[in-house]
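Colleague: Please read through the structure below; I'll follow up with questions.
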Amino acid sequence: MSRCEHGLEELCPAGVVLYERALRTGHIAAREAADTPCLTDFGLLHPALDDPDRLEPVAPAAALNRLLRSARGRVAAERRREERLVDLFAPLMRADGPGRATSDIPTISVLSGLDRIGEVIGEAMVASSGELLAVQPHITHLPAHTPPEAHAEALARDQALLDRGGRIRTLYQHTVRHAPTVIARYEQIHGDVEARTLDEVTERLLVIDRAVAFVPASKDRTLALEIRHPTVVGYLATVFDRLWRLATPMYPEPARRPTVNGITPRQQAIAALLVEGHTDAVVAQRLGMNIRTTRVHIAKLADTMGSESRAQLGYLIARSGILDPEG
């Protein structure tokens with residue numbers, strides 16, 4: 001059995017089952033709880049006085065009261081912290097000058113932690129009834145960065161915006177056109193929503209009502225920037241608009257683009273990056289493909305062009321004209 005992974009205030013399903021059995025039988029062996037440490041962390045099980053290898057259950061009501069006291073203590077501590085922050089910033093806000101509205105001050109803030117980032121984005125979405133512009137780069141061969149419930153929450157949040165009369169425009173990479181998760185999303189969501197794709201897109205971007213934008217500030221996305229500076233947000237919205245005009249609608253499925261001299265559109269995109277001198281790994285990352293698939297495409301491209309080496313392939317691509325706008 002694998003060790004259950006969950007937050008500090010969660011009781012895993014396996015732990016619930018084991019705790020119920022302990023309540024019925026009066027005890028369980030300590031080794032049985034090795035994979036559910038939440039039971040001892042929460043104080044739901046404790047070693048027997050006469051046998052440390054046996055765990056006995058604590059009454060649910062007693063455990064609940066103890067946990068609630070702990071939660072109330074944390075809430076009280078947060079309230080005291082809020083009061084201290086208000087006392088600290090009150091004189092600073094008076095020194096900032098009378099009549100200056102806080103909402104008028106352009107800001108770029110750093111958000112730390114997936115929960116905090118999701119909370120702030122959710123608040124901005126709830127306050128919106130206008131427009132969401134989103135760039136969602138997906139690497140289809142990697143596992144999702146967020147659990148299924150987070151995707152469900154995002155779907156409900158987006159649907160609520162659409163129900164208020166808003167609209168959503170999303171850009172993806174071509175590689176996710178047939179991804180089951182993306183297809184399922186657009187089967188479930190209804191309203192003024194549209195998606196388009198490009199060979200390459202920028203890093204993740206959310207622009208809400210062209211007033212606030214969110215961009216990642218770390219590779220693992222545990223840091224994000226909340227941008228409320230009108231000039232910067234306007235610039236990001238303009239970048240999105242220009243990419244949107246270049247992108248291909250996802251639904252209905254457009255006609256397949258023709259090959260050029262036997263070179264497929266996907267191989268053309270790869271060829272453009274190879275000419276720029278990028279490695280296989282960078283090409284794969286930029287186009288949202290796994291590296292093995294990327295190398296298969298590069299091998300087919302080299303075979304089609306009659307190349308015998310990587311250096312010769314770049315030369316032949318440059319000479320072939322397949323990257324010319326007319327092509």
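Chain labels run A, B, ... following the order of the structure tokens; each chain numbers its residues from 1, and ligands are numbered from 1 in the order shown.
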What are the DSSP alpha helix (DSSP H) residues of range 99-253 of chain A, as a PyMOL selection string?
Modeller: chain A and resi 114-126+148-163+180-188+230-246
Colleague: Rounded to one decimal in Å, what is the spacing between CA of Leu171 in chain A and CA of Val201 in chain A?
Modeller: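 Answer for the CA of Leu171 in chain A to CA of Val201 in chain A separation: 7.4 Å.
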Colleague: Find the nearest atom pair between each residue of range 148-202 of chain A and range 278-301 of chain A for residues within 7 Å, count only C-alpha atoms, give distances in Å to one decimal, sort rows by chain and ascending number, and present the table as a tab-separated table.
Modeller:
residue	atom	partner	partner_atom	distance
A:Gln173	CA	A:Gly288	CA	6.9
A:Thr175	CA	A:Gly288	CA	6.2
A:Asp199	CA	A:Leu287	CA	6.0
A:Glu200	CA	A:Leu287	CA	5.6
Colleague: Contacts of Leu161 in chain A at 9 Å or less, counting only C-alpha atoms, minus same-chain residues fewer than 6 places along, as a CSV table (one decimal) with N, CA and C atoms, in the first residue's frame?
Modeller:
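Heads up, here's the output in part-v6.csv:
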chain,number,residue,atom,x,y,z
A,125,MET,N,-12.1,36.8,-11.0
A,125,MET,CA,-13.1,36.2,-11.9
A,125,MET,C,-14.5,36.5,-11.4
A,126,VAL,N,-14.7,36.4,-10.1
A,126,VAL,CA,-16.0,36.6,-9.5
A,126,VAL,C,-16.4,38.1,-9.7
A,128,SER,N,-15.8,39.8,-12.2
A,128,SER,CA,-15.8,40.1,-13.6
A,128,SER,C,-17.2,39.7,-14.2
A,129,SER,N,-17.6,40.4,-15.2
A,129,SER,CA,-18.8,40.0,-16.0
A,129,SER,C,-18.4,40.3,-17.5
A,130,GLY,N,-17.2,40.5,-17.7
A,130,GLY,CA,-16.8,40.9,-19.1
A,130,GLY,C,-16.1,39.9,-19.9
A,131,GLU,N,-14.7,39.8,-19.8
A,131,GLU,CA,-13.9,39.0,-20.7
A,131,GLU,C,-12.7,38.4,-20.0
A,132,LEU,N,-12.5,37.1,-20.4
A,132,LEU,CA,-11.3,36.4,-20.0
A,132,LEU,C,-10.5,36.0,-21.2
A,167,ARG,N,-17.4,36.6,-21.8
A,167,ARG,CA,-16.9,35.7,-22.9
A,167,ARG,C,-15.5,35.3,-22.6
A,168,ILE,N,-15.1,34.2,-23.1
A,168,ILE,CA,-13.8,33.6,-22.9
A,168,ILE,C,-13.1,33.2,-24.2
Colleague: As an exercise, work out the distance from CA of Gly314 in chain A to CA of Thr248 in chain A in Å and give it to one decimal place.
Modeller: 27.4 Å
Colleague: Would you work out the distance separating CA of Asn65 in chain A from CA of Gly15 in chain A, expressed in Å to one decimal?
Modeller: 18.8 Å
Colleague: For range 45-52 of chain A, find every residue with an atom within 12 Å (counting only C-alpha atoms), except residues of its own chain fewer than 2 positions away, and show them as a short mmCIF file (atom, residue, chain, number, x, y, z; two decimals) with N, CA and C atoms, in the first residue's frame.
Modeller:
data_model
loop_
_atom_site.label_atom_id
_atom_site.label_comp_id
_atom_site.auth_asym_id
_atom_site.auth_seq_id
_atom_site.Cartn_x
_atom_site.Cartn_y
_atom_site.Cartn_z
N GLY A 15 -7.73 6.40 5.62
CA GLY A 15 -7.72 6.68 7.04
C GLY A 15 -9.11 6.58 7.66
N VAL A 16 -10.12 7.07 6.91
CA VAL A 16 -11.50 6.99 7.40
C VAL A 16 -11.91 5.53 7.60
N LEU A 18 -10.00 2.91 8.08
CA LEU A 18 -9.25 2.28 9.17
C LEU A 18 -9.75 2.77 10.54
N TYR A 19 -10.07 4.06 10.63
CA TYR A 19 -10.58 4.62 11.89
C TYR A 19 -11.93 4.00 12.25
N GLU A 20 -12.82 3.83 11.24
CA GLU A 20 -14.11 3.20 11.48
C GLU A 20 -13.94 1.77 12.00
N ARG A 21 -12.96 1.06 11.44
CA ARG A 21 -12.73 -0.32 11.89
C ARG A 21 -12.20 -0.33 13.32
N ALA A 22 -11.34 0.63 13.65
CA ALA A 22 -10.82 0.70 15.01
C ALA A 22 -11.93 1.00 16.01
N LEU A 23 -12.89 1.84 15.61
CA LEU A 23 -14.01 2.14 16.50
C LEU A 23 -14.87 0.89 16.74
N GLY A 26 -12.29 -1.78 18.60
CA GLY A 26 -11.65 -1.30 19.81
C GLY A 26 -10.16 -1.07 19.69
N HIS A 27 -9.52 -1.63 18.66
CA HIS A 27 -8.07 -1.41 18.47
C HIS A 27 -7.68 -1.97 17.10
N ILE A 28 -6.49 -1.56 16.64
CA ILE A 28 -5.87 -2.13 15.44
C ILE A 28 -4.38 -2.25 15.71
N ALA A 29 -3.70 -3.02 14.89
CA ALA A 29 -2.24 -3.14 15.01
C ALA A 29 -1.58 -1.87 14.50
N ALA A 30 -0.51 -1.44 15.14
CA ALA A 30 0.18 -0.21 14.76
C ALA A 30 0.67 -0.26 13.32
N ARG A 31 1.10 -1.44 12.88
CA ARG A 31 1.63 -1.54 11.50
C ARG A 31 0.55 -1.24 10.46
N GLU A 32 -0.72 -1.45 10.81
CA GLU A 32 -1.80 -1.21 9.85
C GLU A 32 -1.97 0.28 9.55
N ALA A 33 -1.53 1.13 10.46
CA ALA A 33 -1.68 2.58 10.28
C ALA A 33 -0.43 3.24 9.73
N ALA A 34 0.54 2.42 9.31
CA ALA A 34 1.80 2.99 8.83
C ALA A 34 1.61 3.88 7.61
N THR A 36 -1.19 5.54 6.87
CA THR A 36 -2.18 6.59 7.11
C THR A 36 -1.79 7.38 8.35
N PRO A 37 -0.69 8.14 8.28
CA PRO A 37 -0.22 8.89 9.46
C PRO A 37 -1.20 9.95 9.94
N CYS A 38 -2.17 10.31 9.08
CA CYS A 38 -3.15 11.33 9.48
C CYS A 38 -3.91 10.90 10.72
N LEU A 39 -4.08 9.59 10.94
CA LEU A 39 -4.85 9.12 12.09
C LEU A 39 -4.16 9.46 13.40
N THR A 40 -2.85 9.28 13.45
CA THR A 40 -2.12 9.65 14.66
C THR A 40 -1.85 11.15 14.70
N ASP A 41 -1.64 11.78 13.55
CA ASP A 41 -1.43 13.23 13.51
C ASP A 41 -2.65 13.97 14.06
N PHE A 42 -3.83 13.48 13.72
CA PHE A 42 -5.07 14.10 14.18
C PHE A 42 -5.43 13.67 15.61
N GLY A 43 -4.68 12.73 16.15
CA GLY A 43 -5.01 12.22 17.48
C GLY A 43 -6.21 11.31 17.50
N ARG A 54 -0.15 -1.74 19.67
CA ARG A 54 -1.58 -1.72 19.42
C ARG A 54 -2.09 -0.28 19.54
N LEU A 55 -2.91 0.14 18.59
CA LEU A 55 -3.47 1.50 18.59
C LEU A 55 -4.95 1.43 18.95
N GLU A 56 -5.37 2.34 19.83
CA GLU A 56 -6.76 2.40 20.24
C GLU A 56 -7.37 3.72 19.76
N PRO A 57 -8.67 3.71 19.40
CA PRO A 57 -9.29 4.92 18.87
C PRO A 57 -9.72 5.90 19.97
N VAL A 58 -9.64 7.18 19.65
CA VAL A 58 -10.18 8.23 20.50
C VAL A 58 -11.61 8.49 20.05
N ALA A 59 -12.49 8.80 20.96
CA ALA A 59 -13.89 9.08 20.60
C ALA A 59 -13.96 10.21 19.58
N PRO A 60 -14.76 10.06 18.52
CA PRO A 60 -14.84 11.10 17.48
C PRO A 60 -15.18 12.47 18.02
N ALA A 62 -14.53 13.80 20.94
CA ALA A 62 -13.38 14.40 21.62
C ALA A 62 -12.35 14.88 20.61
N ALA A 63 -12.09 14.07 19.57
CA ALA A 63 -11.12 14.48 18.55
C ALA A 63 -11.59 15.72 17.81
#
Colleague: Could you pull out all residues of range 23-231 of chain A with a DSSP call of strand (DSSP E or B) and give them as a ChimeraX atom specification?
Modeller: /A:28-29,45-47,54-57,108-112,131-135,167-173,192-198,205-208,212-216,223-227
Colleague: So that I can see what lies close to Ala269 in chain A, please list as a list in words the residues with an atom at most 9 Å from it, counting only C-alpha atoms and leaving out residues fewer than 3 positions away in the same chain.
Modeller: Asp199, Glu200, Thr264, Pro265, Arg266, Ala272, Leu273, Leu274, Leu287 and Leu323 of chain A
Colleague: Using only C-alpha atoms, pick whichever of A:Val232, A:Leu133, A:Ala217, A:Ala127 has the shortest atom-to-atom distance to Trp244 in chain A.
Modeller: A:Leu133
